[in-house]
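Engineer: One file: my_file.cif (mmCIF, C-alpha atoms).
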data_upload
#
loop_
_atom_site.label_atom_id
_atom_site.label_comp_id
_atom_site.auth_asym_id
_atom_site.auth_seq_id
_atom_site.Cartn_x
_atom_site.Cartn_y
_atom_site.Cartn_z
CA MET A 1 -47.49 -6.03 84.84
CA SER A 2 -48.35 -2.38 85.39
CA PRO A 3 -51.00 -0.77 83.16
CA PRO A 4 -49.73 1.08 80.06
CA ASP A 5 -50.63 4.50 81.44
CA ALA A 6 -48.97 3.91 84.82
CA LYS A 7 -46.31 6.46 85.83
CA PRO A 8 -42.75 5.44 86.75
CA GLU A 9 -42.08 5.15 90.46
CA HIS A 10 -39.63 8.09 90.55
CA GLU A 11 -42.26 10.40 89.01
CA GLU A 12 -44.81 9.32 91.61
CA GLU A 13 -42.28 10.01 94.39
CA GLU A 14 -41.59 13.48 93.00
CA GLU A 15 -45.31 14.25 92.83
CA ARG A 16 -45.77 13.09 96.42
CA ALA A 17 -42.85 15.29 97.53
CA GLU A 18 -44.30 18.31 95.73
CA ALA A 19 -47.71 17.65 97.26
CA SER A 20 -46.09 17.42 100.72
CA GLU A 21 -44.32 20.76 100.20
CA GLU A 22 -47.59 22.36 99.16
CA ASP A 23 -49.31 20.87 102.20
CA VAL A 24 -46.58 22.23 104.50
CA GLU A 25 -46.90 25.74 103.08
CA SER A 26 -50.67 25.71 103.34
CA LEU A 27 -50.50 24.37 106.90
CA LEU A 28 -48.02 27.08 107.93
CA VAL A 29 -50.32 29.72 106.47
CA LEU A 30 -53.26 28.16 108.32
CA ALA A 31 -51.33 28.10 111.60
CA LYS A 32 -50.57 31.81 111.33
CA GLU A 33 -54.19 32.59 110.53
CA ARG A 34 -55.32 30.57 113.59
CA ARG A 35 -52.81 32.40 115.75
CA ALA A 36 -54.03 35.78 114.50
CA ALA A 37 -57.56 34.69 115.38
CA LYS A 38 -56.32 33.70 118.88
CA ASP A 39 -57.25 30.07 118.20
CA MET A 40 -54.14 28.56 119.77
CA LYS A 41 -55.46 24.98 119.66
CA GLY A 42 -56.09 25.28 115.93
CA CYS A 43 -52.67 26.92 115.54
CA PHE A 44 -50.99 24.04 117.39
CA ASP A 45 -52.82 21.39 115.33
CA ALA A 46 -51.75 23.01 112.05
CA TYR A 47 -48.12 23.24 113.19
CA GLU A 48 -48.21 19.63 114.41
CA LYS A 49 -49.38 18.39 111.00
CA ALA A 50 -46.72 20.44 109.19
CA ALA A 51 -44.07 19.10 111.60
CA ARG A 52 -45.04 15.52 110.72
CA LEU A 53 -44.44 16.43 107.07
CA GLY A 54 -40.86 17.47 107.92
CA SER A 55 -41.09 21.23 108.48
CA ALA A 56 -38.33 22.49 110.82
CA GLU A 57 -40.20 25.76 111.38
CA ALA A 58 -43.37 23.90 112.43
CA GLU A 59 -41.38 21.51 114.66
CA TYR A 60 -39.86 24.48 116.48
CA ALA A 61 -43.28 26.10 116.87
CA VAL A 62 -44.66 22.88 118.41
CA ALA A 63 -41.69 22.79 120.79
CA LEU A 64 -42.51 26.33 121.94
CA PHE A 65 -46.05 25.27 122.82
CA PHE A 66 -44.73 22.50 125.08
CA MET A 67 -41.95 24.61 126.61
CA ASN A 68 -44.25 27.50 127.58
CA GLY A 69 -47.60 25.79 128.09
CA SER A 70 -50.95 27.42 127.39
CA ASN A 71 -54.67 26.88 127.66
CA ALA A 72 -54.34 24.78 124.50
CA ILE A 73 -51.34 22.61 125.40
CA PRO A 74 -50.12 21.87 128.97
CA GLN A 75 -46.49 22.66 129.71
CA ASP A 76 -44.29 19.62 129.20
CA LEU A 77 -40.57 20.38 129.28
CA LYS A 78 -39.57 16.81 128.50
CA GLU A 79 -41.67 16.72 125.35
CA GLY A 80 -40.64 20.28 124.54
CA THR A 81 -36.93 19.52 124.64
CA MET A 82 -37.48 16.41 122.52
CA ARG A 83 -39.27 18.54 119.94
CA LEU A 84 -36.51 21.16 120.11
CA ARG A 85 -33.93 18.49 119.28
CA ALA A 86 -36.10 17.26 116.42
CA ALA A 87 -36.37 20.81 115.08
CA ALA A 88 -32.61 21.31 115.45
CA GLU A 89 -31.92 18.10 113.53
CA LYS A 90 -34.18 19.39 110.75
CA GLY A 91 -32.05 22.55 110.57
CA SER A 92 -33.88 25.07 112.78
CA THR A 93 -31.36 27.67 113.97
CA PRO A 94 -33.67 29.08 116.72
CA ALA A 95 -34.06 25.54 118.12
CA LYS A 96 -30.28 25.18 118.32
CA VAL A 97 -30.04 28.51 120.15
CA TYR A 98 -32.81 27.45 122.56
CA LEU A 99 -31.04 24.16 123.36
CA GLY A 100 -27.76 25.99 123.92
CA ASN A 101 -29.50 28.34 126.36
CA LEU A 102 -31.03 25.43 128.28
CA TYR A 103 -27.57 23.95 128.87
CA GLU A 104 -26.02 27.36 129.54
CA LEU A 105 -28.60 28.33 132.16
CA GLY A 106 -29.21 24.87 133.63
CA ILE A 107 -32.88 24.76 132.65
CA HIS A 108 -34.33 21.22 132.55
CA TYR A 109 -30.79 19.93 131.90
CA LYS A 110 -27.84 20.13 134.26
CA ALA A 111 -25.81 23.26 133.48
CA ASP A 112 -23.10 22.30 131.01
CA PRO A 113 -21.19 25.17 129.29
CA GLU A 114 -19.41 22.74 126.96
CA LYS A 115 -22.67 21.34 125.59
CA ALA A 116 -23.97 24.90 125.35
CA ASP A 117 -20.89 25.73 123.25
CA VAL A 118 -21.67 22.83 120.92
CA TRP A 119 -25.18 24.12 120.27
CA TYR A 120 -24.05 27.75 119.99
CA ARG A 121 -21.43 26.78 117.39
CA ASN A 122 -24.05 24.72 115.57
CA ALA A 123 -26.41 27.71 115.55
CA ALA A 124 -23.63 29.98 114.27
CA ARG A 125 -23.01 27.60 111.37
CA GLY A 126 -26.73 27.42 110.65
CA ALA A 127 -26.95 31.23 110.58
CA LYS A 128 -23.73 31.39 108.52
CA VAL A 129 -21.93 33.63 111.03
CA GLU A 130 -18.58 34.27 109.36
CA ASP A 131 -16.91 36.30 112.14
CA ALA A 132 -14.10 34.51 113.96
CA PRO A 133 -15.03 32.98 117.36
CA GLY A 134 -13.80 35.09 120.27
CA THR A 135 -14.23 38.41 118.46
CA ASP A 136 -16.69 41.11 119.46
CA GLU A 137 -18.39 40.73 116.08
CA HIS A 138 -18.92 37.00 116.67
CA ALA A 139 -20.32 37.63 120.18
CA ARG A 140 -22.67 40.29 118.83
CA ALA A 141 -23.88 38.00 116.03
CA LEU A 142 -24.68 35.22 118.52
CA ALA A 143 -26.41 37.71 120.80
CA GLU A 144 -28.57 38.76 117.85
CA LEU A 145 -29.55 35.09 117.47
CA GLY A 146 -30.67 35.02 121.12
CA CYS A 147 -27.76 33.15 122.74
CA ALA A 148 -28.21 34.01 126.44
CA ARG A 149 -24.51 33.78 127.31
CA HIS A 150 -23.55 36.46 124.80
CA VAL A 151 -26.59 38.64 125.46
CA LEU A 152 -25.92 38.74 129.20
CA ALA A 153 -22.19 39.30 128.66
CA LEU A 154 -22.86 42.28 126.40
CA VAL A 155 -25.38 43.76 128.81
CA GLU A 156 -23.10 43.32 131.84
CA SER A 157 -20.06 44.71 130.01
CA GLY A 158 -21.79 48.02 129.39
CA LYS A 159 -20.89 47.94 125.70
CA ILE A 160 -24.53 48.50 124.76
CA GLU A 161 -25.36 52.13 125.44
CA ASP A 162 -28.70 52.17 123.67
CA GLU A 163 -31.38 51.06 126.16
CA ALA A 164 -33.75 50.07 123.36
CA ASP A 165 -31.07 47.82 121.87
CA LYS A 166 -30.38 46.29 125.27
CA THR A 167 -34.08 45.63 125.86
CA ARG A 168 -34.42 44.07 122.40
CA LEU A 169 -31.53 41.64 122.96
CA LEU A 170 -32.80 40.64 126.41
CA ALA A 171 -36.23 40.00 124.95
CA ARG A 172 -34.68 37.82 122.23
CA ALA A 173 -32.84 35.75 124.85
CA LYS A 174 -36.03 35.48 126.90
CA LEU A 175 -37.97 34.11 123.93
CA HIS A 176 -35.22 31.52 123.39
CA GLY A 177 -35.45 29.96 126.84
CA HIS A 178 -34.03 32.57 129.19
CA GLY A 179 -37.57 33.37 130.34
CA LEU A 180 -37.77 29.95 131.96
CA LYS A 181 -34.84 30.83 134.22
CA LEU A 182 -37.25 32.58 136.58
CA LYS A 183 -38.78 29.20 137.36
CA ASP A 184 -37.35 25.89 138.55
CA PRO A 185 -38.12 23.79 135.48
CA THR A 186 -37.68 20.46 137.29
CA ALA A 187 -40.28 21.42 139.85
CA VAL A 188 -42.93 22.66 137.44
CA ALA A 189 -45.68 20.08 136.89
CA PRO A 190 -47.66 20.05 133.62
CA VAL A 191 -50.71 22.24 133.94
CA SER A 192 -53.98 22.03 132.09
CA ALA A 193 -54.48 25.75 131.73
CA GLU A 194 -52.45 28.92 132.02
CA PRO A 195 -53.45 32.57 131.93
CA SER A 196 -53.36 34.47 128.67
CA GLY A 197 -49.85 35.70 129.43
CA ASP A 198 -48.37 32.32 128.42
CA ARG A 199 -50.36 32.38 125.21
CA ALA A 200 -48.88 35.80 124.52
CA THR A 201 -45.41 34.37 125.20
CA ILE A 202 -45.95 31.64 122.62
CA THR A 203 -47.26 34.16 120.11
CA ASP A 204 -44.28 36.46 120.69
CA ALA A 205 -41.90 33.53 120.28
CA LEU A 206 -43.55 32.43 117.03
CA ILE A 207 -43.39 35.97 115.68
CA ALA A 208 -39.73 36.16 116.73
CA ASN A 209 -39.11 32.89 114.88
CA GLU A 210 -40.46 34.44 111.68
CA ARG A 211 -38.27 37.49 112.20
CA GLU A 212 -35.31 35.17 112.82
CA ARG A 213 -35.81 33.58 109.41
CA LYS A 214 -36.01 36.99 107.76
CA HIS A 215 -32.93 38.06 109.73
CA THR A 216 -30.89 35.30 108.08
CA THR A 217 -32.11 35.73 104.49
CA PRO A 218 -29.39 36.38 101.86
CA GLU A 219 -30.69 39.90 101.18
CA THR A 220 -30.51 40.91 104.84
CA LYS A 221 -27.09 39.34 105.27
CA LYS A 222 -25.71 41.18 102.23
CA ALA A 223 -26.99 44.48 103.57
CA LYS A 224 -25.36 43.82 106.94
CA GLU A 225 -22.08 42.83 105.30
CA LYS A 226 -22.08 46.12 103.38
CA GLU A 227 -22.66 48.03 106.63
CA LYS A 228 -19.77 46.18 108.28
CA GLU A 229 -17.49 47.00 105.34
CA LYS A 230 -18.41 50.67 105.60
CA GLU A 231 -17.68 50.66 109.34
CA LYS A 232 -14.31 48.99 108.76
CA GLU A 233 -13.45 51.59 106.13
CA LYS A 234 -14.22 54.35 108.64
CA GLU A 235 -12.09 52.65 111.31
CA LYS A 236 -9.05 52.25 109.05
CA PRO A 237 -6.19 54.53 110.19
CA LYS A 238 -5.28 57.32 107.83
CA THR A 239 -2.11 56.62 105.88
CA PRO A 240 0.33 59.05 104.29
CA SER A 241 -0.45 60.04 100.72
CA ASN A 242 0.81 57.94 97.82
CA ALA A 243 2.79 60.93 96.58
CA GLY A 244 4.91 61.15 99.73
CA ALA A 245 5.60 57.42 99.79
CA GLY A 246 6.30 57.39 96.05
CA LEU A 247 8.85 60.22 96.25
CA ALA A 248 10.56 58.63 99.25
CA ALA A 249 10.88 55.31 97.45
CA PHE A 250 12.15 57.00 94.29
CA GLY A 251 14.83 58.72 96.38
CA TYR A 252 16.04 55.31 97.52
CA ALA A 253 15.93 53.93 93.98
CA LEU A 254 17.91 56.89 92.66
CA LEU A 255 20.59 56.40 95.32
CA PHE A 256 20.79 52.71 94.43
CA ALA A 257 21.15 53.59 90.74
CA LEU A 258 23.92 56.13 91.33
CA ALA A 259 25.77 53.70 93.57
CA GLY A 260 25.31 51.00 90.93
CA VAL A 261 26.73 53.18 88.14
CA GLY A 262 29.78 54.07 90.25
CA ALA A 263 30.39 50.48 91.29
CA ALA A 264 29.89 49.22 87.73
CA TYR A 265 32.35 51.76 86.30
CA ALA A 266 35.00 50.90 88.90
CA ALA A 267 34.48 47.17 88.42
CA THR A 268 34.75 47.50 84.64
CA LEU A 269 38.07 49.35 84.89
CA GLY A 270 39.40 46.66 87.23
CA ALA A 271 38.21 43.91 84.90
CA ARG A 272 39.94 45.50 81.91
CA GLU A 273 43.18 45.68 83.83
CA LEU A 274 42.96 42.01 84.70
CA VAL A 275 42.27 41.04 81.12
CA ALA A 276 45.13 43.25 79.93
CA HIS A 277 47.50 41.32 82.19
CA GLY A 278 46.26 37.99 80.90
CA THR A 279 43.89 37.08 83.73
CA MET A 280 40.59 35.54 82.63
CA LEU A 281 37.41 36.73 84.34
CA PRO A 282 35.36 33.99 86.07
CA GLY A 283 32.47 33.01 83.78
CA LEU A 284 33.20 35.86 81.36
CA GLY A 285 36.68 35.14 80.08
CA GLU A 286 37.96 38.26 78.29
CA LYS A 287 34.53 39.98 78.07
CA ALA A 288 35.29 42.83 80.46
CA ASP A 289 32.49 44.99 79.03
CA TRP A 290 29.89 42.55 80.49
CA VAL A 291 30.97 43.51 83.99
CA PHE A 292 29.25 46.92 83.78
CA PRO A 293 25.63 45.75 83.20
CA ILE A 294 26.03 42.86 85.67
CA VAL A 295 27.27 45.04 88.53
CA LEU A 296 24.74 47.76 87.67
CA GLY A 297 21.90 45.24 87.84
CA LEU A 298 23.04 43.79 91.17
CA VAL A 299 23.91 47.06 92.91
CA GLY A 300 21.76 49.69 91.18
CA VAL A 301 18.60 47.89 90.05
CA LEU A 302 17.86 44.85 92.23
CA PRO A 303 17.83 46.73 95.61
CA ALA A 304 14.85 48.77 94.40
CA SER A 305 12.71 45.68 95.05
CA LEU A 306 13.18 46.37 98.78
CA VAL A 307 11.01 49.51 98.64
CA TYR A 308 8.62 48.72 95.77
CA LYS A 309 5.93 46.08 95.46
CA PRO A 310 6.92 43.05 93.34
CA SER A 311 4.36 43.96 90.67
CA THR A 312 5.69 47.51 90.46
CA PHE A 313 9.29 46.31 90.25
CA ALA A 314 8.37 43.86 87.47
CA LYS A 315 6.59 46.57 85.46
CA ALA A 316 9.59 48.86 85.84
CA LEU A 317 11.92 46.13 84.55
CA VAL A 318 9.71 45.71 81.47
CA ALA A 319 9.69 49.46 80.91
CA GLY A 320 13.46 49.60 81.32
CA GLY A 321 13.93 46.77 78.83
CA ALA A 322 11.73 48.55 76.31
CA MET A 323 13.64 51.80 76.70
CA GLY A 324 16.93 49.92 76.39
CA GLY A 325 15.69 48.61 73.04
CA VAL A 326 14.86 52.16 71.98
CA GLY A 327 18.38 53.29 72.90
CA TRP A 328 19.91 50.48 70.90
CA VAL A 329 17.82 51.30 67.81
CA ALA A 330 18.36 55.06 68.17
CA TRP A 331 22.14 54.57 68.08
CA GLY A 332 21.84 52.90 64.72
CA THR A 333 19.86 55.79 63.21
CA GLY A 334 22.52 58.39 63.72
CA GLN A 335 20.84 59.86 66.80
CA ALA A 336 23.47 58.51 69.14
CA MET A 337 24.20 60.28 72.41
CA HIS A 338 27.13 58.03 73.23
CA ASP A 339 29.84 56.59 71.07
CA HIS A 340 29.41 53.15 72.61
CA ARG A 341 26.16 51.46 71.56
CA PRO A 342 25.75 49.06 74.51
CA LEU A 343 26.31 51.87 77.01
CA GLN A 344 23.68 53.99 75.29
CA ALA A 345 21.20 51.12 75.50
CA ILE A 346 22.03 50.67 79.20
CA ALA A 347 21.56 54.41 79.85
CA PHE A 348 18.17 54.40 78.11
CA GLY A 349 17.15 51.26 79.99
CA LEU A 350 18.14 52.69 83.39
CA ALA A 351 16.29 55.94 82.64
CA GLY A 352 13.16 54.03 81.63
CA PHE A 353 13.39 51.85 84.74
CA LEU A 354 13.65 54.86 87.07
CA ALA A 355 10.87 56.75 85.28
CA ALA A 356 8.54 53.76 85.62
CA LEU A 357 9.36 53.46 89.32
CA LEU A 358 8.55 57.13 89.84
CA VAL A 359 5.18 56.91 88.07
CA PHE A 360 4.01 53.64 89.60
CA GLY A 361 5.32 54.70 93.02
CA LEU A 362 3.18 57.84 92.95
CA LEU A 363 0.20 55.61 92.13
CA GLY A 364 0.69 53.54 95.29
CA GLY A 365 3.17 50.94 94.13
CA THR A 366 5.48 51.22 97.13
CA LYS A 367 5.69 48.88 100.09
CA LYS A 368 4.01 49.84 103.38
CA SER A 369 7.32 50.16 105.20
CA VAL A 370 8.25 53.17 103.04
CA SER A 371 5.20 55.17 104.19
CA GLY A 372 6.22 55.00 107.83
CA ARG A 373 4.09 51.99 108.73
CA ARG A 374 5.32 48.56 109.63
CA GLY A 375 5.94 46.39 106.64
CA PRO A 376 4.30 42.97 106.15
#
Have the structure of the file written as structure tokens, please.

Structural biologist:
Amino acid sequence: MSPPDAKPEHEEEEERAEASEEDVESLLVLAKERRAAKDMKGCFDAYEKAARLGSAEAEYAVALFFMNGSNAIPQDLKEGTMRLRAAAEKGSTPAKVYLGNLYELGIHYKADPEKADVWYRNAARGAKVEDAPGTDEHARALAELGCARHVLALVESGKIEDEADKTRLLARAKLHGHGLKLKDPTAVAPVSAEPSGDRATITDALIANERERKHTTPETKKAKEKEKEKEKEKEKPKTPSNAGAGLAAFGYALLFALAGVGAAYAATLGARELVAHGTMLPGLGEKADWVFPIVLGLVGVLPASLVYKPSTFAKALVAGGAMGGVGWVAWGTGQAMHDHRPLQAIAFGLAGFLAALLVFGLLGGTKKSVSGRRGP
């Protein structure tokens, strides 16, 4: 039996996890302090301990030591690639980019573009690159991560005019494995010491790793998304004014309405003649007066939906119905403008419908095809 003051197992596990997280943070801080003091052996030891506690950042840093070699740690590409894979499995985006570059350039591994694609796609997901694959934006985003294929393609295409930008991207690819392309990795034996230049390479790579993490923070990503939106707004082609499109659409609607009134009047006269000669109207019987609003709706009202957005057309129908109600009520108050109450209500309704189309059309409620552009 456990003592009365013993803690539950899940609480002990949580405390151990918190302690591990604190240890990782303190070890990462220590590693950076050692690096600043040019104590690369102490830097490596601190990163190694943090990596054993599960830190992806520390695992990637350890991999860089083995990939580059220094006076602290001999170069060992086999161990380095193993540590890169471990860092990638822990979620390190730079490690995924580095592995993709090794396969892309044939460093240590046999060149395999398909496996490089797998790691590049994995890195893009890790960095939350939302641009569609195959687009210039996607290629640029992967180049910013250090993917050698996309960096070299951009440089060779001449799309980068700024020399400083070109140099920056090449340096990023170099820190993610492209620098090893100058050597034959399979022929390089582990060495016990290297000149200070390799130590500087490791330091530059570690600093780049920190910048990489900052580069993918939510705040930085939001700022970049806002910049992209602004650029897209600038690139949007200028469209004709809403007023011109609204007036053009209203002209069509007015023609439809006039044609509908004429067709409805003619159809009503014909229907009355049929009823007068004893012929029943299909679905209406002897109600010849119903022919007018039906034909008007089909010929004069419904075609307006071809030039107006569905929401605009629906709002205009509501407005027309409301005005039709006003016309019906006004007839009963002695303010009639027509001796036939239903016709007055229809006239009010049609006027309200057209007025609503005019107003909403001027506010941008027309379809794109009316403004001279291709419709959806």

Engineer: Can you list, as number ranges by chain, the residues that the PyMOL selection byres ((chain A and resi 40-50) around 10) selects here?

Structural biologist: A: 20-21, 23-39, 51-65, 70-73, 199, 202-203

Engineer: Determine, counting all atoms listed in the file, which protein, DNA and RNA residues have an atom within 8 Å of an atom of Glu104 of chain A; residues of the same chain fewer than 2 positions away are not included. Present the result as a PyMOL selection string.

Structural biologist: chain A and resi 100-102+106-107+111-113+115-116+148-149

Engineer: With all atoms listed in the file counted, which protein, DNA or RNA residues have an atom no more than 10 Å from (-40.2, 25.9, 121.8) in the file frame? Please answer as a PyMOL selection string.

Structural biologist: chain A and resi 59-69+77+79-84+87+94-95+98-99+175-177+202+205-206+209

Engineer: Excluding Lys287 of chain A and residues on its chain fewer than 3 positions from it, collect all residues at most 9 Å away from it, counting only C-alpha atoms, and give them as JSON, numbers by chain.

Structural biologist: {"A": [271, 272, 275, 280, 281, 284, 290, 291]}

Engineer: Do a neighbour search on Val301 of chain A at 9 Å with only C-alpha atoms, toss out local chain neighbours closer than 4 positions, and write the hits as a PyMOL selection string.

Structural biologist: chain A and resi 253+256-257+260+296-297+305+317+350+353

Engineer: Check what the PyMOL selection byres ((chain A and resi 339-349) around 6) selects in the file above and give those residues as a PDB file with C-alpha atoms, in the frame of the given file.

Structural biologist:
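Listing of selection_22.pdb after writing:
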ATOM      1  CA  GLY A 320      13.460  49.600  81.320  1.00  0.00           C
ATOM      2  CA  GLY A 321      13.930  46.770  78.830  1.00  0.00           C
ATOM      3  CA  MET A 323      13.640  51.800  76.700  1.00  0.00           C
ATOM      4  CA  GLY A 324      16.930  49.920  76.390  1.00  0.00           C
ATOM      5  CA  GLY A 327      18.380  53.290  72.900  1.00  0.00           C
ATOM      6  CA  TRP A 328      19.910  50.480  70.900  1.00  0.00           C
ATOM      7  CA  HIS A 338      27.130  58.030  73.230  1.00  0.00           C
ATOM      8  CA  LEU A 350      18.140  52.690  83.390  1.00  0.00           C
ATOM      9  CA  ALA A 351      16.290  55.940  82.640  1.00  0.00           C
ATOM     10  CA  GLY A 352      13.160  54.030  81.630  1.00  0.00           C
TER      11      GLY A 352
END

Engineer: Would you kindly identify which residues have an atom no farther than 12 Å from (-23.2, 30.0, 121.5), using all atoms listed in the file and the file's own coordinates, and write them out as a ChimeraX atom specification?

Structural biologist: /A:93-94,96-104,113-127,129,133-134,138-153,173
